[in-house]
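Asker: Contents of upload-v5.txt (compact mmCIF, C-alpha atoms):
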```
# COMPACT_ATOMS: atom_id res chain seq x y z
CA MET A 1 -20.58 40.63 -1.76
CA THR A 2 -17.82 40.20 -4.33
CA VAL A 3 -15.43 37.29 -4.56
CA SER A 4 -12.24 37.47 -6.62
CA ARG A 5 -12.33 35.48 -9.82
CA SER A 6 -9.20 33.69 -8.72
CA ALA A 7 -10.63 32.76 -5.30
CA VAL A 8 -12.25 29.51 -6.37
CA ALA A 9 -12.34 26.68 -3.85
CA PRO A 10 -10.98 23.33 -5.02
CA SER A 11 -14.45 21.85 -4.40
CA ALA A 12 -15.81 24.07 -7.18
CA ARG A 13 -13.83 22.13 -9.80
CA LEU A 14 -16.13 19.83 -11.68
CA LYS A 15 -16.26 16.08 -12.17
CA SER A 16 -16.30 14.41 -15.58
CA VAL A 17 -20.00 13.46 -15.47
CA SER A 18 -22.84 15.79 -16.53
CA LEU A 19 -20.51 18.72 -16.96
CA ARG A 20 -23.20 20.93 -18.44
CA GLU A 21 -25.48 20.43 -15.44
CA GLN A 22 -22.65 20.84 -12.94
CA ALA A 23 -21.47 24.02 -14.65
CA ARG A 24 -25.02 25.37 -14.65
CA GLU A 25 -25.50 24.69 -10.95
CA GLU A 26 -22.13 26.19 -10.04
CA LEU A 27 -22.90 29.34 -12.02
CA ARG A 28 -26.41 29.48 -10.57
CA THR A 29 -24.99 29.37 -7.04
CA ARG A 30 -22.41 32.07 -7.76
CA ILE A 31 -25.04 34.32 -9.32
CA VAL A 32 -27.64 33.94 -6.57
CA LEU A 33 -25.02 34.50 -3.87
CA GLY A 34 -23.75 37.59 -5.66
CA ARG A 35 -20.33 36.09 -6.33
CA ILE A 36 -20.56 37.25 -9.93
CA GLU A 37 -21.02 40.99 -9.77
CA PRO A 38 -24.21 42.22 -11.55
CA GLY A 39 -23.31 44.08 -14.72
CA GLU A 40 -19.84 42.52 -14.92
CA VAL A 41 -19.08 40.89 -18.27
CA ARG A 42 -17.54 37.43 -17.84
CA SER A 43 -16.04 35.37 -20.63
CA VAL A 44 -16.93 31.73 -21.10
CA ILE A 45 -13.23 30.93 -21.45
CA SER A 46 -12.34 32.40 -18.04
CA VAL A 47 -15.18 30.55 -16.30
CA ALA A 48 -14.19 27.29 -17.99
CA GLU A 49 -10.63 27.75 -16.75
CA GLU A 50 -11.86 28.38 -13.19
CA LEU A 51 -13.97 25.22 -13.25
CA GLY A 52 -11.32 23.10 -14.93
CA VAL A 53 -13.50 22.05 -17.88
CA SER A 54 -13.70 22.73 -21.60
CA ILE A 55 -15.58 25.66 -23.07
CA THR A 56 -18.51 23.63 -24.45
CA PRO A 57 -20.31 22.66 -21.17
CA VAL A 58 -19.88 26.18 -19.83
CA ARG A 59 -21.26 27.72 -23.03
CA GLU A 60 -24.23 25.33 -22.86
CA ALA A 61 -24.76 26.17 -19.18
CA VAL A 62 -24.72 29.89 -19.94
CA MET A 63 -27.36 29.41 -22.65
CA ASP A 64 -29.52 27.44 -20.19
CA LEU A 65 -29.27 30.26 -17.65
CA ALA A 66 -29.97 32.86 -20.34
CA ASN A 67 -33.20 31.03 -21.22
CA GLN A 68 -34.15 31.26 -17.52
CA GLY A 69 -33.48 34.99 -17.40
CA MET A 70 -30.49 34.70 -15.07
CA VAL A 71 -27.86 36.03 -17.48
CA GLU A 72 -27.67 38.08 -20.65
CA VAL A 73 -25.46 36.77 -23.46
CA MET A 74 -23.07 39.39 -24.86
CA ARG A 75 -22.20 38.42 -28.42
CA ASN A 76 -18.47 37.81 -28.89
CA ARG A 77 -17.84 38.94 -25.30
CA GLY A 78 -19.42 36.42 -22.91
CA PHE A 79 -22.29 37.01 -20.53
CA ARG A 80 -23.35 39.27 -17.70
CA VAL A 81 -25.77 39.10 -14.79
CA PRO A 82 -28.55 41.71 -15.05
CA VAL A 83 -28.65 44.39 -12.38
CA LEU A 84 -31.75 44.08 -10.19
CA SER A 85 -33.55 47.11 -8.79
CA GLU A 86 -35.62 47.20 -5.60
CA HIS A 87 -38.68 47.23 -7.85
CA ASP A 88 -37.48 44.03 -9.54
CA LEU A 89 -37.14 42.32 -6.16
CA ASP A 90 -40.57 43.57 -5.09
CA GLU A 91 -42.10 42.06 -8.22
CA ILE A 92 -40.36 38.72 -7.69
CA PHE A 93 -41.47 38.35 -4.09
CA ARG A 94 -44.98 39.58 -4.77
CA ILE A 95 -45.42 36.85 -7.37
CA ARG A 96 -43.81 34.26 -5.09
CA THR A 97 -46.26 35.23 -2.35
CA LEU A 98 -49.23 34.88 -4.70
CA LEU A 99 -48.04 31.40 -5.71
CA GLU A 100 -46.49 29.86 -2.59
CA VAL A 101 -48.85 31.00 0.17
CA PRO A 102 -52.00 29.25 -1.15
CA ALA A 103 -49.85 26.37 -2.41
CA MET A 104 -48.61 25.76 1.13
CA ALA A 105 -52.18 25.39 2.36
CA ASP A 106 -52.78 22.91 -0.47
CA VAL A 107 -49.68 20.95 0.58
CA VAL A 108 -51.05 20.59 4.12
CA ARG A 109 -54.44 19.44 2.85
CA THR A 110 -52.76 16.97 0.50
CA LEU A 111 -50.63 15.48 3.28
CA GLY A 112 -53.44 15.40 5.82
CA GLY A 113 -51.12 15.72 8.81
CA ALA A 114 -48.70 13.02 7.66
CA PRO A 115 -45.14 13.35 8.97
CA VAL A 116 -42.56 14.76 6.57
CA PRO A 117 -39.21 13.68 8.05
CA GLU A 118 -37.27 14.50 4.88
CA PHE A 119 -38.38 18.14 5.07
CA ARG A 120 -37.69 18.37 8.79
CA ARG A 121 -34.19 17.08 8.06
CA LEU A 122 -33.72 19.69 5.33
CA ALA A 123 -35.01 22.43 7.65
CA GLU A 124 -32.59 21.40 10.38
CA GLU A 125 -29.68 21.14 7.94
CA LEU A 126 -30.25 24.55 6.40
CA THR A 127 -30.66 26.07 9.88
CA GLU A 128 -27.32 24.58 10.92
CA ALA A 129 -25.74 25.85 7.69
CA ALA A 130 -27.09 29.33 8.45
CA ARG A 131 -25.70 29.15 11.96
CA GLU A 132 -22.28 28.18 10.61
CA GLY A 133 -22.33 30.74 7.80
CA ASP A 134 -22.16 28.00 5.13
CA LEU A 135 -24.00 29.93 2.42
CA VAL A 136 -23.65 27.37 -0.37
CA THR A 137 -25.20 24.60 1.74
CA PHE A 138 -27.87 26.98 3.03
CA LEU A 139 -28.88 27.93 -0.49
CA ASP A 140 -28.91 24.32 -1.71
CA LYS A 141 -31.00 23.01 1.21
CA ASP A 142 -33.35 26.00 1.06
CA ARG A 143 -33.97 25.35 -2.63
CA GLN A 144 -34.60 21.65 -2.02
CA PHE A 145 -36.99 22.47 0.82
CA HIS A 146 -39.19 24.98 -0.99
CA LEU A 147 -39.31 23.30 -4.38
CA GLY A 148 -39.67 19.85 -2.83
CA LEU A 149 -42.79 20.89 -0.93
CA LEU A 150 -44.32 22.31 -4.10
CA GLU A 151 -43.51 19.11 -6.01
CA LEU A 152 -45.88 17.27 -3.65
CA LEU A 153 -48.76 18.99 -5.44
CA GLY A 154 -47.85 17.39 -8.77
CA ASN A 155 -47.90 20.72 -10.62
CA GLY A 156 -44.71 20.91 -12.65
CA ARG A 157 -45.45 24.38 -14.01
CA LEU A 158 -45.78 25.77 -10.51
CA VAL A 159 -42.41 24.30 -9.48
CA THR A 160 -40.74 25.65 -12.63
CA MET A 161 -42.17 29.15 -12.14
CA VAL A 162 -41.08 29.38 -8.50
CA ALA A 163 -37.64 27.98 -9.34
CA GLN A 164 -37.16 30.65 -12.00
CA LEU A 165 -38.32 33.41 -9.68
CA ARG A 166 -35.86 32.25 -7.02
CA ASP A 167 -33.04 32.20 -9.54
CA GLN A 168 -33.80 35.67 -10.84
CA ALA A 169 -33.28 37.15 -7.37
CA ARG A 170 -29.87 37.63 -5.81
CA MET A 171 -28.61 37.54 -2.21
CA GLN A 172 -26.63 40.72 -1.69
CA GLY A 173 -24.72 41.00 1.59
CA LEU A 174 -25.81 37.56 2.74
CA GLN A 175 -22.50 36.86 4.45
CA LYS A 176 -22.94 39.92 6.65
CA LEU A 177 -26.38 38.75 7.76
CA ALA A 178 -25.01 35.28 8.47
CA ASP A 179 -22.23 36.79 10.59
CA GLN A 180 -24.82 38.78 12.54
CA GLY A 181 -26.99 35.72 13.16
CA GLU A 182 -29.92 37.05 11.15
CA LEU A 183 -29.83 34.13 8.73
CA THR A 184 -30.39 31.61 11.52
CA GLN A 185 -33.88 33.01 12.12
CA SER A 186 -34.75 32.30 8.50
CA GLY A 187 -33.63 28.70 8.96
CA GLU A 188 -35.72 28.28 12.10
CA GLU A 189 -38.78 29.52 10.21
CA HIS A 190 -38.55 26.39 8.05
CA ILE A 191 -38.72 24.18 11.16
CA THR A 192 -41.80 26.04 12.40
CA LEU A 193 -43.39 25.56 9.00
CA VAL A 194 -42.77 21.80 9.17
CA ASP A 195 -44.44 21.77 12.60
CA ALA A 196 -47.56 23.35 11.09
CA ILE A 197 -47.57 20.95 8.13
CA GLU A 198 -47.35 17.87 10.36
CA ALA A 199 -50.07 19.29 12.61
CA GLY A 200 -52.38 19.61 9.59
CA GLU A 201 -52.77 23.38 10.11
CA ALA A 202 -53.32 24.65 6.57
CA ASP A 203 -54.16 28.27 7.41
CA ARG A 204 -51.24 28.58 9.83
CA ALA A 205 -48.82 27.06 7.30
CA ALA A 206 -49.98 29.56 4.69
CA GLU A 207 -49.46 32.51 7.03
CA LEU A 208 -46.06 31.20 8.10
CA MET A 209 -45.06 31.05 4.44
CA ARG A 210 -46.31 34.60 3.92
CA ALA A 211 -44.24 35.83 6.87
CA HIS A 212 -41.21 33.82 5.75
CA LEU A 213 -41.31 35.33 2.26
CA ALA A 214 -41.62 38.82 3.73
CA HIS A 215 -38.53 38.10 5.83
CA SER A 216 -36.74 36.57 2.85
CA ARG A 217 -37.38 39.72 0.80
CA GLY A 218 -35.08 41.59 3.15
CA ILE A 219 -32.51 38.80 3.24
CA TRP A 220 -32.35 38.70 -0.56
CA ALA A 221 -31.63 42.45 -0.51
CA GLY A 222 -28.93 42.08 2.16
CA ARG A 223 -30.72 43.51 5.17
CA ALA A 224 -32.57 42.19 8.19
CA GLU A 225 -36.32 42.58 7.69
CA SER A 226 -39.01 41.62 10.18
CA ALA A 227 -41.13 38.64 9.29
CA SER A 228 -44.03 40.06 11.23
```
In structure tokens, what does this structure look like?

Answerer:
Amino acid sequence: MTVSRSAVAPSARLKSVSLREQAREELRTRIVLGRIEPGEVRSVISVAEELGVSITPVREAVMDLANQGMVEVMRNRGFRVPVLSEHDLDEIFRIRTLLEVPAMADVVRTLGGAPVPEFRRLAEELTEAAREGDLVTFLDKDRQFHLGLLELLGNGRLVTMVAQLRDQARMQGLQKLADQGELTQSGEEHITLVDAIEAGEADRAAELMRAHLAHSRGIWAGRAESAS
């Protein structure tokens, strides 16, 4: 999915507070959603103009993303998003499965069946965003949901690793899946996972996460893929 450089919504223009962080999050969203074409060289100046800010916060944001492996800095030219192969995506989701499946069981044991209304709200909001085809909100709520659950374990390194793995993947053709209703199923899987967490079912929560990641592997590649 490619979006013209000039087609920038007014909401994408940044406020005057924490410009570096805002620029980083805007670029992160564009990259993960495939709105910056992999392999395309973008200049810092052009991105700064699109966002309505000076060059400095954008340059700093690009360096942050480069340190996370999301972009490659091209000296005197700008930056580009690396092209991901199917093998790259397989590696990313294999590692995510190794980390997040047992972690989800640990989350359930830590909570001991306690209600998690904030995560149910996030699950419902991202499901509604999927239903409406609001990809930016879907991505934001999905990120909050997954990383927020991992944060409950108090393991900062785990959260950082999963966050970086998520960012290194890209959602190709996500709009098409949203239009076909395939993305709504992914949202509903989050609600089912919350049900298992609140029921104190550690093994079931782990298997639901495994199935969800298998489904997400297809979504990230732009195709419907069975979670079973």

Asker: Atom CA of A:Leu153 and atom CA of A:Thr97, how far apart in Å?

Answerer: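 For atom CA of A:Thr97 relative to atom CA of A:Leu153, the distance reads 16.7 Å.
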
Asker: Enter the distance from atom CA of A:His215 to atom CA of A:Glu25, in Å, rounded to one decimal.

Answerer: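 So the answer is 25.1 Å.
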
Asker: To one decimal place, how far is atom CA of A:Arg166 from atom CA of A:Arg20 in Å?

Answerer: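 Rounded to one decimal, the two atoms are 20.5 Å apart.
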
Asker: Which is closer to A:Leu213 than all the others in A:Val71, A:Ala196, A:Pro57, A:Ile95, using all atoms listed in the file?

Answerer: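 Closest candidate: A:Ile95.
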
Asker: List the neighbours of A:Phe119 out to 8 Å using all atoms listed in the file; skip same-chain residues closer than 6 positions along the sequence, and give me the result as a list in words.

Answerer: Phe145, Leu149 and Val194 of chain A

Asker: Could you give me, as a ChimeraX atom specification, the residues within 12 Å of A:Glu91, counting only C-alpha atoms and dropping anything in the same chain fewer than 5 positions from it?

Answerer: /A:84-86,96-98,165-166,168-169,217

Asker: With only C-alpha atoms as the atoms that count, which of A:Leu208, A:Ala178, A:Val116, A:Val162 lies nearest to A:Phe93?

Answerer: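 With only C-alpha atoms as the atom set, the closest residue is A:Val162.
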
Asker: Pick from A:His87, A:Arg30, A:Arg80, A:His146: nearest to A:Ala103, with only C-alpha atoms counted?

Answerer: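 Smallest separation from A:Ala103 among the options: A:His146.
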
Asker: Write out as an MDAnalysis selection string the residues lying within 8 Å of A:Val44, counting all atoms listed in the file and excluding same-chain residues fewer than 5 positions away.

Answerer: chainID A and resid 55 58:59 78:79

Asker: Store the residues of this selection in a file with C-alpha atoms, as a PDB file, in the coordinates of the input.

Answerer:
```pdb
ATOM      1  CA  ILE A  55     -15.580  25.660 -23.070  1.00  0.00           C
ATOM      2  CA  VAL A  58     -19.880  26.180 -19.830  1.00  0.00           C
ATOM      3  CA  ARG A  59     -21.260  27.720 -23.030  1.00  0.00           C
ATOM      4  CA  GLY A  78     -19.420  36.420 -22.910  1.00  0.00           C
ATOM      5  CA  PHE A  79     -22.290  37.010 -20.530  1.00  0.00           C
TER       6      PHE A  79
END
```

Asker: Would you list the contacts of A:Arg24 as a list in words, taking every protein, DNA or RNA residue within 8 Å and counting all atoms listed in the file, but skipping same-chain residues closer than 4 positions in sequence?

Answerer: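 Everything that qualifies: Arg20, Arg28, Val58, Ala61, Val62, Asp64 and Leu65 of chain A.
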
Asker: I need the residue nearest A:Leu147 from this list: A:Ala211, A:Ala202, A:Met104, A:Val83. Use all atoms listed in the file for the distance.

Answerer: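 Counting all atoms listed in the file, the residue closest to A:Leu147 is A:Met104.
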
Asker: May I have the residues at most 12 Å from (-39.7, 20.3, 13.3) in the file's coordinates, counting all atoms listed in the file, as a ChimeraX atom specification?

Answerer: /A:115-125,127,187-199

Asker: I need the residue nearest A:Ala206 from this list: A:Ala129, A:Val159, A:Val108, A:Ala114. Use all atoms listed in the file for the distance.

Answerer: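 Closest to A:Ala206 of all the choices is A:Val108.
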
Asker: Using all atoms listed in the file, which of A:Thr184, A:Leu177, A:Arg77, A:Gly156 sits nearest A:Glu128?

Answerer: A:Thr184
